[in-house]
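target08.cif, holding mmCIF, C-alpha atoms and all ligand atoms:
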```
data_start
loop_
_atom_site.label_atom_id
_atom_site.label_comp_id
_atom_site.auth_asym_id
_atom_site.auth_seq_id
_atom_site.Cartn_x
_atom_site.Cartn_y
_atom_site.Cartn_z
CA MET A 9 -46.67 -38.86 -97.79
CA ASN A 10 -44.10 -38.73 -100.61
CA ILE A 11 -45.13 -40.13 -103.97
CA PRO A 12 -42.71 -39.95 -106.90
CA ASN A 13 -44.02 -39.55 -110.43
CA ASN A 14 -42.53 -42.91 -111.34
CA ASN A 15 -41.03 -45.73 -109.31
CA MET A 16 -39.51 -48.45 -111.49
CA GLN A 17 -37.66 -50.04 -108.62
CA ARG A 18 -41.06 -51.21 -107.34
CA LEU A 19 -41.46 -53.54 -110.32
CA PHE A 20 -37.88 -54.78 -110.15
CA SER A 21 -38.06 -55.69 -106.47
CA LYS A 22 -41.30 -57.62 -107.08
CA HIS A 23 -39.65 -59.81 -109.72
CA LYS A 24 -36.06 -59.59 -108.53
CA GLN A 25 -35.37 -63.34 -108.38
CA ASP A 26 -36.60 -63.92 -111.93
CA TYR A 27 -34.59 -61.03 -113.34
CA MET A 28 -31.41 -62.00 -111.49
CA LYS A 29 -31.70 -65.51 -112.93
CA VAL A 30 -32.11 -64.08 -116.43
CA LEU A 31 -29.07 -61.86 -115.96
CA GLU A 32 -26.91 -64.73 -114.75
CA SER A 33 -27.88 -67.06 -117.58
CA VAL A 34 -27.05 -64.45 -120.25
CA LEU A 35 -23.71 -63.62 -118.71
CA ASP A 36 -22.92 -67.32 -118.37
CA ARG A 37 -23.65 -68.00 -122.04
CA GLY A 38 -21.09 -65.48 -123.26
CA VAL A 39 -22.97 -63.92 -126.22
CA TYR A 40 -23.89 -60.31 -125.49
CA VAL A 41 -25.14 -58.66 -128.70
CA LEU A 42 -27.56 -60.03 -131.35
CA GLY A 43 -27.69 -63.62 -130.11
CA ASP A 44 -30.43 -66.15 -129.36
CA GLU A 45 -32.18 -63.94 -126.80
CA VAL A 46 -32.62 -61.22 -129.43
CA SER A 47 -33.95 -63.58 -132.11
CA THR A 48 -36.28 -65.21 -129.56
CA PHE A 49 -37.53 -61.80 -128.50
CA GLU A 50 -38.02 -60.73 -132.11
CA ARG A 51 -40.16 -63.83 -132.66
CA ASN A 52 -42.10 -63.39 -129.41
CA PHE A 53 -42.76 -59.70 -129.91
CA ALA A 54 -43.84 -60.05 -133.56
CA LYS A 55 -46.31 -62.69 -132.38
CA TYR A 56 -47.52 -60.45 -129.54
CA ILE A 57 -48.06 -57.43 -131.83
CA GLY A 58 -49.44 -59.54 -134.67
CA THR A 59 -46.91 -58.81 -137.42
CA ASN A 60 -44.83 -61.20 -139.50
CA TYR A 61 -41.54 -59.64 -138.41
CA CYS A 62 -39.81 -57.75 -135.64
CA VAL A 63 -36.24 -56.44 -135.78
CA GLY A 64 -34.55 -55.27 -132.58
CA THR A 65 -32.74 -51.91 -132.44
CA ALA A 66 -30.89 -49.87 -129.82
CA ASN A 67 -33.74 -47.40 -129.17
CA CYS A 68 -36.86 -45.88 -130.70
CA LEU A 69 -35.17 -42.82 -132.19
CA ASP A 70 -33.11 -45.24 -134.30
CA SER A 71 -36.25 -47.23 -135.12
CA LEU A 72 -37.91 -44.04 -136.36
CA TYR A 73 -34.85 -42.94 -138.32
CA LEU A 74 -34.54 -46.40 -139.90
CA SER A 75 -38.21 -46.73 -140.76
CA PHE A 76 -38.37 -43.40 -142.61
CA ARG A 77 -35.18 -44.40 -144.39
CA MET A 78 -36.64 -47.81 -145.29
CA ILE A 79 -39.68 -46.22 -146.95
CA GLY A 80 -37.33 -43.90 -148.86
CA ILE A 81 -37.95 -40.50 -147.27
CA GLN A 82 -35.56 -37.97 -148.84
CA GLU A 83 -34.98 -34.26 -149.03
CA GLY A 84 -38.15 -32.49 -150.10
CA ASP A 85 -40.52 -35.26 -149.03
CA GLU A 86 -43.24 -34.27 -146.59
CA VAL A 87 -44.39 -36.39 -143.66
CA ILE A 88 -47.51 -35.50 -141.69
CA VAL A 89 -46.84 -35.85 -137.97
CA PRO A 90 -48.73 -34.77 -134.82
CA ALA A 91 -47.55 -31.40 -133.48
CA ASN A 92 -47.86 -32.68 -129.90
CA THR A 93 -45.32 -35.44 -129.69
CA PHE A 94 -41.97 -36.20 -128.18
CA ILE A 95 -39.32 -34.59 -130.36
CA ALA A 96 -37.75 -37.97 -131.33
CA THR A 97 -40.69 -38.65 -133.66
CA VAL A 98 -39.91 -35.52 -135.64
CA MET A 99 -36.17 -36.28 -135.66
CA GLY A 100 -36.84 -39.61 -137.37
CA ILE A 101 -38.15 -37.55 -140.31
CA SER A 102 -35.68 -34.65 -140.29
CA LYS A 103 -32.60 -36.90 -139.91
CA ASN A 104 -33.62 -38.27 -143.34
CA LYS A 105 -33.95 -34.65 -144.57
CA GLY A 106 -37.71 -35.06 -144.85
CA THR A 107 -39.97 -32.13 -143.91
CA PRO A 108 -42.27 -32.60 -140.93
CA ILE A 109 -45.76 -31.20 -141.56
CA PHE A 110 -47.40 -30.75 -138.18
CA CYS A 111 -51.00 -31.73 -137.54
CA GLU A 112 -53.10 -30.69 -134.55
CA PRO A 113 -54.38 -33.34 -132.11
CA ASP A 114 -57.96 -34.24 -131.24
CA GLU A 115 -59.48 -34.24 -127.75
CA PHE A 116 -57.81 -37.61 -127.08
CA TYR A 117 -54.32 -36.06 -127.50
CA ASN A 118 -53.79 -38.05 -130.71
CA ILE A 119 -53.39 -36.80 -134.29
CA ASP A 120 -56.80 -35.51 -135.41
CA PRO A 121 -57.88 -37.67 -138.37
CA ALA A 122 -60.25 -34.93 -139.54
CA ARG A 123 -57.32 -32.55 -140.10
CA ILE A 124 -54.99 -34.85 -142.05
CA GLU A 125 -56.36 -34.59 -145.60
CA ALA A 126 -56.09 -30.81 -145.70
CA LEU A 127 -52.33 -31.15 -145.14
CA ILE A 128 -51.69 -33.54 -148.03
CA THR A 129 -49.74 -32.07 -150.99
CA PRO A 130 -48.06 -33.66 -154.03
CA LYS A 131 -44.91 -33.89 -151.86
CA THR A 132 -46.55 -35.89 -149.06
CA LYS A 133 -45.05 -39.37 -148.77
CA ALA A 134 -46.20 -40.61 -145.39
CA ILE A 135 -48.34 -40.12 -142.32
CA CYS A 136 -46.63 -40.70 -139.00
CA VAL A 137 -48.98 -41.47 -136.12
CA VAL A 138 -47.99 -41.40 -132.45
CA HIS A 139 -50.13 -43.42 -130.04
CA LEU A 140 -49.67 -40.89 -127.27
CA TYR A 141 -49.88 -41.65 -123.55
CA GLY A 142 -50.85 -45.28 -124.35
CA GLN A 143 -53.96 -44.66 -126.45
CA ILE A 144 -54.09 -45.97 -130.01
CA CYS A 145 -54.88 -43.39 -132.73
CA SER A 146 -57.99 -43.54 -134.95
CA MET A 147 -56.31 -46.16 -137.14
CA PRO A 148 -59.30 -47.34 -139.25
CA GLN A 149 -59.89 -43.75 -140.44
CA ILE A 150 -56.19 -42.95 -140.87
CA MET A 151 -55.49 -46.13 -142.87
CA GLU A 152 -58.39 -45.24 -145.18
CA ILE A 153 -56.92 -41.79 -145.82
CA ALA A 154 -53.46 -43.31 -146.43
CA ARG A 155 -54.82 -45.86 -148.91
CA LYS A 156 -56.84 -43.24 -150.75
CA HIS A 157 -53.78 -41.00 -151.22
CA ASN A 158 -51.24 -43.80 -151.58
CA LEU A 159 -49.21 -42.78 -148.51
CA TYR A 160 -47.01 -44.83 -146.20
CA VAL A 161 -47.98 -45.03 -142.54
CA ILE A 162 -45.27 -45.14 -139.85
CA GLU A 163 -46.41 -45.75 -136.27
CA ASP A 164 -44.55 -44.41 -133.24
CA VAL A 165 -45.60 -47.00 -130.66
CA ALA A 166 -43.07 -46.01 -127.97
CA GLN A 167 -45.93 -45.37 -125.53
CA ALA A 168 -48.52 -47.94 -126.54
CA HIS A 169 -47.22 -51.55 -126.50
CA GLY A 170 -50.36 -53.69 -126.63
CA ALA A 171 -53.04 -51.04 -127.29
CA SER A 172 -55.55 -52.27 -129.87
CA ILE A 173 -58.77 -51.66 -131.77
CA ASN A 174 -60.89 -54.76 -132.43
CA GLY A 175 -57.94 -56.91 -131.37
CA LYS A 176 -55.57 -55.34 -133.92
CA LYS A 177 -52.62 -53.91 -132.07
CA ALA A 178 -50.77 -50.62 -132.52
CA GLY A 179 -47.65 -51.35 -134.57
CA SER A 180 -49.51 -53.74 -136.89
CA TRP A 181 -51.68 -51.21 -138.74
CA GLY A 182 -49.18 -49.20 -140.77
CA ASP A 183 -46.16 -50.13 -142.87
CA ILE A 184 -43.72 -50.10 -139.94
CA GLY A 185 -44.18 -49.84 -136.17
CA CYS A 186 -41.43 -48.22 -134.05
CA PHE A 187 -41.10 -49.28 -130.42
CA SER A 188 -39.01 -48.15 -127.47
CA PHE A 189 -37.99 -50.35 -124.55
CA TYR A 190 -36.60 -47.46 -122.53
CA PRO A 191 -37.00 -48.37 -118.83
CA THR A 192 -40.01 -46.11 -118.19
CA LYS A 193 -42.07 -47.43 -121.11
CA ASN A 194 -44.79 -49.97 -120.33
CA LEU A 195 -42.58 -52.72 -121.75
CA GLY A 196 -39.17 -51.46 -120.70
CA GLY A 197 -35.77 -53.04 -120.21
CA PHE A 198 -33.06 -52.04 -117.76
CA GLY A 199 -31.38 -49.79 -120.29
CA ASP A 200 -32.06 -48.63 -123.84
CA GLY A 201 -33.73 -50.79 -126.46
CA GLY A 202 -36.15 -50.61 -129.36
CA CYS A 203 -37.51 -52.47 -132.38
CA LEU A 204 -39.33 -52.29 -135.69
CA THR A 205 -42.43 -54.35 -136.53
CA PHE A 206 -43.75 -54.94 -140.05
CA ASN A 207 -45.35 -57.50 -142.36
CA ASP A 208 -43.51 -56.88 -145.63
CA GLU A 209 -40.71 -59.43 -146.11
CA THR A 210 -38.69 -57.04 -148.29
CA TYR A 211 -38.06 -54.87 -145.20
CA LEU A 212 -36.51 -57.76 -143.25
CA GLU A 213 -33.09 -57.96 -144.87
CA LEU A 214 -32.94 -54.18 -145.21
CA ALA A 215 -33.71 -53.54 -141.52
CA LYS A 216 -31.26 -56.19 -140.33
CA SER A 217 -28.55 -54.77 -142.55
CA LEU A 218 -29.13 -51.08 -141.73
CA ARG A 219 -29.02 -51.66 -137.96
CA ASN A 220 -25.62 -53.37 -138.37
CA TYR A 221 -23.49 -50.90 -140.44
CA GLY A 222 -25.28 -51.87 -143.66
CA ARG A 223 -23.65 -55.26 -143.49
CA MET A 224 -24.66 -58.15 -145.73
CA GLY A 225 -23.28 -61.43 -144.42
CA LEU A 226 -20.05 -61.28 -142.43
CA TYR A 227 -17.69 -59.39 -144.74
CA HIS A 228 -19.75 -57.36 -147.20
CA PHE A 229 -21.21 -53.89 -146.79
CA VAL A 230 -23.90 -52.48 -149.04
CA TYR A 231 -25.48 -49.47 -147.27
CA GLU A 232 -24.13 -46.66 -145.12
CA GLY A 233 -25.90 -48.06 -142.08
CA ILE A 234 -25.78 -47.33 -138.37
CA ASN A 235 -24.90 -49.33 -135.28
CA SER A 236 -28.25 -49.89 -133.61
CA ARG A 237 -28.35 -53.38 -132.16
CA LEU A 238 -30.32 -54.76 -129.25
CA ASP A 239 -28.29 -56.23 -126.36
CA GLU A 240 -28.76 -59.85 -125.28
CA ILE A 241 -29.27 -58.74 -121.66
CA GLN A 242 -32.05 -56.32 -122.60
CA ALA A 243 -33.68 -58.87 -124.94
CA ALA A 244 -33.56 -61.51 -122.18
CA PHE A 245 -35.19 -59.12 -119.67
CA LEU A 246 -37.82 -58.24 -122.27
CA ASN A 247 -38.55 -61.93 -122.96
CA LYS A 248 -39.11 -62.42 -119.23
CA LYS A 249 -41.24 -59.28 -118.92
CA LEU A 250 -43.33 -60.23 -121.93
CA GLU A 251 -44.34 -63.44 -120.09
CA HIS A 252 -46.21 -61.39 -117.50
CA PHE A 253 -46.83 -58.25 -119.55
CA ASP A 254 -50.62 -58.64 -119.62
CA GLU A 255 -50.60 -58.72 -115.83
CA LEU A 256 -48.60 -55.46 -115.82
CA LEU A 257 -51.15 -53.87 -118.17
CA GLU A 258 -54.03 -55.04 -115.93
CA ASP A 259 -52.29 -53.47 -112.97
CA ARG A 260 -52.06 -50.12 -114.81
CA LYS A 261 -55.75 -50.41 -115.69
CA ARG A 262 -56.49 -50.78 -111.97
CA ILE A 263 -54.78 -47.45 -111.21
CA ALA A 264 -56.37 -45.66 -114.18
CA LYS A 265 -59.83 -46.90 -113.19
CA ARG A 266 -59.41 -45.58 -109.67
CA TYR A 267 -58.17 -42.16 -110.83
CA LEU A 268 -60.97 -41.93 -113.40
CA THR A 269 -63.76 -42.75 -110.97
CA GLU A 270 -62.43 -41.08 -107.81
CA ILE A 271 -60.83 -37.82 -108.95
CA LYS A 272 -63.71 -35.38 -108.78
CA ASN A 273 -62.65 -31.78 -109.12
CA PRO A 274 -64.27 -29.44 -111.67
CA LYS A 275 -60.89 -27.75 -112.16
CA ILE A 276 -59.27 -30.99 -113.30
CA GLN A 277 -59.99 -32.50 -116.71
CA LEU A 278 -59.55 -36.27 -116.85
CA PRO A 279 -58.27 -38.12 -119.95
CA LYS A 280 -60.87 -39.54 -122.37
CA THR A 281 -60.76 -42.76 -124.38
CA LYS A 282 -62.18 -42.92 -127.89
CA PHE A 283 -62.54 -46.67 -128.43
CA GLU A 284 -63.08 -49.72 -126.22
CA LEU A 285 -61.09 -50.45 -123.07
CA GLU A 286 -58.22 -52.24 -124.87
CA SER A 287 -57.48 -49.13 -126.95
CA HIS A 288 -55.64 -47.51 -124.02
CA ILE A 289 -52.81 -49.23 -122.15
CA TRP A 290 -52.21 -46.26 -119.80
CA HIS A 291 -48.58 -45.40 -120.28
CA LEU A 292 -49.21 -42.03 -118.67
CA PHE A 293 -52.17 -40.59 -116.81
CA VAL A 294 -52.42 -37.04 -118.11
CA VAL A 295 -54.86 -34.51 -116.68
CA ALA A 296 -55.38 -30.92 -117.80
CA THR A 297 -56.05 -27.78 -115.83
CA GLU A 298 -56.00 -24.07 -116.61
CA LYS A 299 -53.54 -22.99 -113.91
CA ARG A 300 -51.25 -25.93 -114.50
CA ASP A 301 -48.08 -24.52 -112.94
CA GLU A 302 -49.96 -23.53 -109.78
CA PHE A 303 -51.52 -27.02 -109.60
CA LYS A 304 -48.12 -28.66 -110.15
CA GLU A 305 -46.66 -26.59 -107.31
CA TYR A 306 -49.62 -27.47 -105.05
CA LEU A 307 -49.04 -31.19 -105.65
CA HIS A 308 -45.32 -30.72 -105.09
CA GLN A 309 -46.05 -29.03 -101.73
CA HIS A 310 -47.99 -32.17 -100.80
CA GLY A 311 -45.15 -34.50 -101.79
CA ILE A 312 -46.67 -35.60 -105.10
CA GLY A 313 -44.30 -35.76 -108.07
CA THR A 314 -45.55 -34.73 -111.51
CA ILE A 315 -44.01 -34.38 -114.98
CA ILE A 316 -45.14 -32.53 -118.11
CA HIS A 317 -45.25 -34.58 -121.33
CA TYR A 318 -44.35 -32.20 -123.03
CA PRO A 319 -44.05 -28.48 -122.20
CA GLU A 320 -42.27 -27.48 -125.44
CA PRO A 321 -43.88 -28.65 -128.69
CA PRO A 322 -41.25 -29.53 -131.35
CA HIS A 323 -42.36 -26.67 -133.64
CA LEU A 324 -41.34 -24.16 -130.94
CA SER A 325 -38.06 -25.88 -130.06
CA LYS A 326 -34.71 -24.37 -130.97
CA THR A 327 -33.94 -27.60 -132.85
CA TYR A 328 -36.66 -26.79 -135.39
CA ALA A 329 -36.27 -23.00 -135.47
CA TYR A 330 -35.28 -23.44 -139.15
CA LEU A 331 -38.85 -24.48 -139.96
CA ASN A 332 -39.86 -20.91 -139.02
CA HIS A 333 -42.93 -21.72 -136.96
CA GLN A 334 -44.33 -19.12 -134.57
CA VAL A 335 -46.21 -19.19 -131.30
CA GLY A 336 -49.87 -19.51 -132.29
CA ASP A 337 -49.26 -21.73 -135.34
CA TYR A 338 -50.70 -24.79 -133.58
CA PRO A 339 -53.01 -23.40 -130.89
CA ILE A 340 -54.49 -26.72 -129.73
CA THR A 341 -51.04 -28.23 -129.28
CA GLU A 342 -49.79 -25.12 -127.51
CA THR A 343 -52.80 -25.07 -125.16
CA TYR A 344 -52.14 -28.70 -124.28
CA ALA A 345 -48.47 -27.95 -123.66
CA ASN A 346 -49.52 -25.25 -121.19
CA THR A 347 -52.27 -27.16 -119.36
CA ILE A 348 -51.33 -30.87 -119.19
CA LEU A 349 -49.77 -32.67 -116.23
CA SER A 350 -48.85 -36.35 -115.73
CA LEU A 351 -49.85 -37.79 -112.34
CA PRO A 352 -47.87 -40.46 -110.45
CA PHE A 353 -48.39 -43.71 -112.33
CA TYR A 354 -46.36 -46.91 -112.08
CA ASN A 355 -46.79 -50.66 -111.71
CA TYR A 356 -47.71 -51.86 -108.21
CA MET A 357 -48.63 -48.37 -107.01
CA SER A 358 -50.30 -49.12 -103.67
CA ASP A 359 -53.94 -48.40 -102.78
CA GLU A 360 -52.75 -46.04 -100.03
CA GLU A 361 -50.66 -44.09 -102.52
CA ILE A 362 -53.61 -43.79 -104.90
CA ASP A 363 -55.91 -42.79 -102.00
CA TYR A 364 -53.52 -40.00 -101.09
CA VAL A 365 -53.16 -38.61 -104.64
CA VAL A 366 -56.95 -38.65 -105.07
CA LYS A 367 -57.53 -36.94 -101.73
CA VAL A 368 -55.01 -34.18 -102.37
CA ILE A 369 -56.35 -33.51 -105.90
CA ASN A 370 -59.96 -33.42 -104.76
CA ALA A 371 -59.03 -30.89 -102.08
CA TYR A 372 -57.39 -28.54 -104.63
C1 LIG B 401 -39.77 -42.49 -125.57
C2 LIG B 401 -40.28 -42.05 -126.87
C3 LIG B 401 -39.47 -42.06 -128.02
C4 LIG B 401 -37.99 -42.33 -127.98
O1 LIG B 401 -37.67 -43.58 -127.50
P1 LIG B 401 -36.12 -43.92 -127.19
O2 LIG B 401 -36.10 -45.40 -127.10
O3 LIG B 401 -35.81 -43.25 -125.88
O4 LIG B 401 -35.30 -43.39 -128.30
C5 LIG B 401 -40.05 -41.74 -129.22
N1 LIG B 401 -41.34 -41.39 -129.31
C6 LIG B 401 -42.14 -41.34 -128.24
C7 LIG B 401 -43.57 -40.97 -128.41
C8 LIG B 401 -41.64 -41.66 -126.97
O5 LIG B 401 -42.44 -41.60 -125.90
#
```
Is it possible to give me this structure as structure tokens?
Amino acid sequence: MNIPNNNMQRLFSKHKQDYMKVLESVLDRGVYVLGDEVSTFERNFAKYIGTNYCVGTANCLDSLYLSFRMIGIQEGDEVIVPANTFIATVMGISKNKGTPIFCEPDEFYNIDPARIEALITPKTKAICVVHLYGQICSMPQIMEIARKHNLYVIEDVAQAHGASINGKKAGSWGDIGCFSFYPTKNLGGFGDGGCLTFNDETYLELAKSLRNYGRMGLYHFVYEGINSRLDEIQAAFLNKKLEHFDELLEDRKRIAKRYLTEIKNPKIQLPKTKFELESHIWHLFVVATEKRDEFKEYLHQHGIGTIIHYPEPPHLSKTYAYLNHQVGDYPITETYANTILSLPFYNYMSDEEIDYVVKVINAY
């Protein structure tokens, strides 16, 4: 049996008629960037996340860059960020000339709230949390630390659309939430897309201007902005997907539940959840094992596709060589990078496919 790590075509084929209708209606209308579909999506998504506002962007890297710019991060400012994240999170800080201060994760792969305060200096301006693999961070604790030290909180929610604690969703806790609608994300389009979510009205005009060259009205320009707009086609697909998004999340829960109860191999460590069920929306199903590369090869031999999220922590990347970090600086992060593996996980994965993955892993 051959099981890819991800199969997005499965979801498309299931809803093909709906999506083709959406595509046709957008093309027929003749407005392709920042039109009614985008403003409708911004309204719908703000309501879904539970914030006053949502502003569409071209992708999450732009959302991150814009959000750190909106809170005024400048050269010399420090931002505390998990060491185990996708490099885009860190780029949002460094593209504003801010200094990323890396923090080790806890056993749930999220920034360890117990390690944050020790990293705060007079230069610290913000804490950036990343709700990794679909699990929301320890937001009640982190917000308390931020309030106590008067720090901004930026949330990277690229992997956790809909995850919540006590009904309060990721992207509504901090000052600004940054989302990605890249096709593989739980709420993904058929191309790039992203957005910002926030409650503060003063960010609304700023965000809308910065994503559109720093424009104010039709003819005036007030900031050196960027071009980071959300397409009508992507917004229309996202509006459609949002209608049945809860069903898609339930479907992912089904797969996670099966993996969690049926994978039984002392060599394989299963992911843990810290809060109630709704705190994890299962973007990725990440296991850990000591001889990871050998295990990856074993699964590959049996036709099972796996990916590593992520084998090279940002502090050891060439991009951030100028920060002068060494191997051993963040041992928990580095151990994770060497032992984690993401199993096949996608909407409408069949029972037979899950059976097979479980059987092969249990025989390892
Ligand atoms: C995917 C991802 C991003 C980047 O999103 P893009 O829309 O591809 O720019 C940022 N952070 C995390 C944690 C991600 O998983």
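Between ligand LIG 401 (chain B) and the candidates A:Met224, A:Cys136, A:Ala329, A:Leu212, the tightest atom-to-atom separation, counting only C-alpha atoms and all ligand atoms, involves A:Cys136.
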For segment 90-202 of chain A versus segment 10-21 of chain A, which residues have an atom no more than 12 Å away, and what is each residue's nearest atom pair and distance in Å rounded to one decimal, using all atoms listed in the file, chain-then-number order, as a Markdown table?
```
| residue | atom | partner | partner_atom | distance |
| --- | --- | --- | --- | --- |
| A:Tyr190 | CA | A:Met16 | CA | 11.5 |
| A:Pro191 | CA | A:Met16 | CA | 7.8 |
| A:Thr192 | CA | A:Met16 | CA | 7.1 |
| A:Lys193 | CA | A:Met16 | CA | 10.0 |
| A:Asn194 | CA | A:Met16 | CA | 10.4 |
| A:Leu195 | CA | A:Leu19 | CA | 11.5 |
| A:Gly196 | CA | A:Met16 | CA | 9.7 |
| A:Gly197 | CA | A:Phe20 | CA | 10.4 |
| A:Phe198 | CA | A:Phe20 | CA | 9.4 |
```
From atom CA of Pro130 of chain A to atom CA of Tyr211 of chain A the spacing works out at 25.1 Å
List all protein, DNA and RNA residues that have at least one atom no more than 8 Å from any atom of ligand LIG 401 (chain B), counting all atoms listed in the file, and write them as a VMD selection string. chain A and resid 66 to 72 93 to 97 138 to 141 164 to 167 187 to 190 193 200 to 202
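What separates atom CA of Pro113 of chain A from atom CA of Leu127 of chain A is a distance of 13.4 Å.
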Taking 4 positions as the minimum chain separation for residues in the same chain, which residues sit within 10 Å of segment 341-350 of chain A when counting all atoms listed in the file? Answer as an mmCIF file with C-alpha atoms, in the coordinates of the input.
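Heads up, here's the output in result03.cif:
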```cif
data_model
loop_
_atom_site.group_PDB
_atom_site.id
_atom_site.type_symbol
_atom_site.label_atom_id
_atom_site.label_comp_id
_atom_site.auth_asym_id
_atom_site.auth_seq_id
_atom_site.Cartn_x
_atom_site.Cartn_y
_atom_site.Cartn_z
ATOM 1 C CA ASN A 13 -44.020 -39.550 -110.430
ATOM 2 C CA PRO A 90 -48.730 -34.770 -134.820
ATOM 3 C CA ALA A 91 -47.550 -31.400 -133.480
ATOM 4 C CA ASN A 92 -47.860 -32.680 -129.900
ATOM 5 C CA THR A 93 -45.320 -35.440 -129.690
ATOM 6 C CA PHE A 110 -47.400 -30.750 -138.180
ATOM 7 C CA CYS A 111 -51.000 -31.730 -137.540
ATOM 8 C CA GLU A 112 -53.100 -30.690 -134.550
ATOM 9 C CA PRO A 113 -54.380 -33.340 -132.110
ATOM 10 C CA ASP A 114 -57.960 -34.240 -131.240
ATOM 11 C CA GLU A 115 -59.480 -34.240 -127.750
ATOM 12 C CA TYR A 117 -54.320 -36.060 -127.500
ATOM 13 C CA TYR A 141 -49.880 -41.650 -123.550
ATOM 14 C CA ILE A 276 -59.270 -30.990 -113.300
ATOM 15 C CA GLN A 277 -59.990 -32.500 -116.710
ATOM 16 C CA LEU A 292 -49.210 -42.030 -118.670
ATOM 17 C CA PHE A 293 -52.170 -40.590 -116.810
ATOM 18 C CA VAL A 294 -52.420 -37.040 -118.110
ATOM 19 C CA VAL A 295 -54.860 -34.510 -116.680
ATOM 20 C CA ALA A 296 -55.380 -30.920 -117.800
ATOM 21 C CA THR A 297 -56.050 -27.780 -115.830
ATOM 22 C CA GLU A 298 -56.000 -24.070 -116.610
ATOM 23 C CA LYS A 299 -53.540 -22.990 -113.910
ATOM 24 C CA ARG A 300 -51.250 -25.930 -114.500
ATOM 25 C CA ASP A 301 -48.080 -24.520 -112.940
ATOM 26 C CA PHE A 303 -51.520 -27.020 -109.600
ATOM 27 C CA LYS A 304 -48.120 -28.660 -110.150
ATOM 28 C CA GLY A 313 -44.300 -35.760 -108.070
ATOM 29 C CA THR A 314 -45.550 -34.730 -111.510
ATOM 30 C CA ILE A 315 -44.010 -34.380 -114.980
ATOM 31 C CA ILE A 316 -45.140 -32.530 -118.110
ATOM 32 C CA HIS A 317 -45.250 -34.580 -121.330
ATOM 33 C CA TYR A 318 -44.350 -32.200 -123.030
ATOM 34 C CA PRO A 319 -44.050 -28.480 -122.200
ATOM 35 C CA GLU A 320 -42.270 -27.480 -125.440
ATOM 36 C CA PRO A 321 -43.880 -28.650 -128.690
ATOM 37 C CA HIS A 323 -42.360 -26.670 -133.640
ATOM 38 C CA LEU A 324 -41.340 -24.160 -130.940
ATOM 39 C CA VAL A 335 -46.210 -19.190 -131.300
ATOM 40 C CA GLY A 336 -49.870 -19.510 -132.290
ATOM 41 C CA ASP A 337 -49.260 -21.730 -135.340
#
```
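The coordinates place atom CA of Met99 of chain A at 9.5 Å from atom CA of Pro322 of chain A.
Of the residues under consideration (A:Tyr227, A:Phe116, A:Tyr73, A:Phe245), A:Phe245 shows the shortest atom-to-atom contact distance to Leu31 of chain A when counting all atoms listed in the file.
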* To do: Write out as number ranges by chain which residues come within 10 Å of Leu285 of chain A when counting only C-alpha atoms, dropping same-chain ones fewer than 5 positions away.
  => A: 143, 171-173, 261
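Compared by their closest atoms to Thr59 of chain A, and using only C-alpha atoms, the residues A:Ile362, A:Ala178, A:Leu250, A:Ile312 rank with A:Ala178 nearest.
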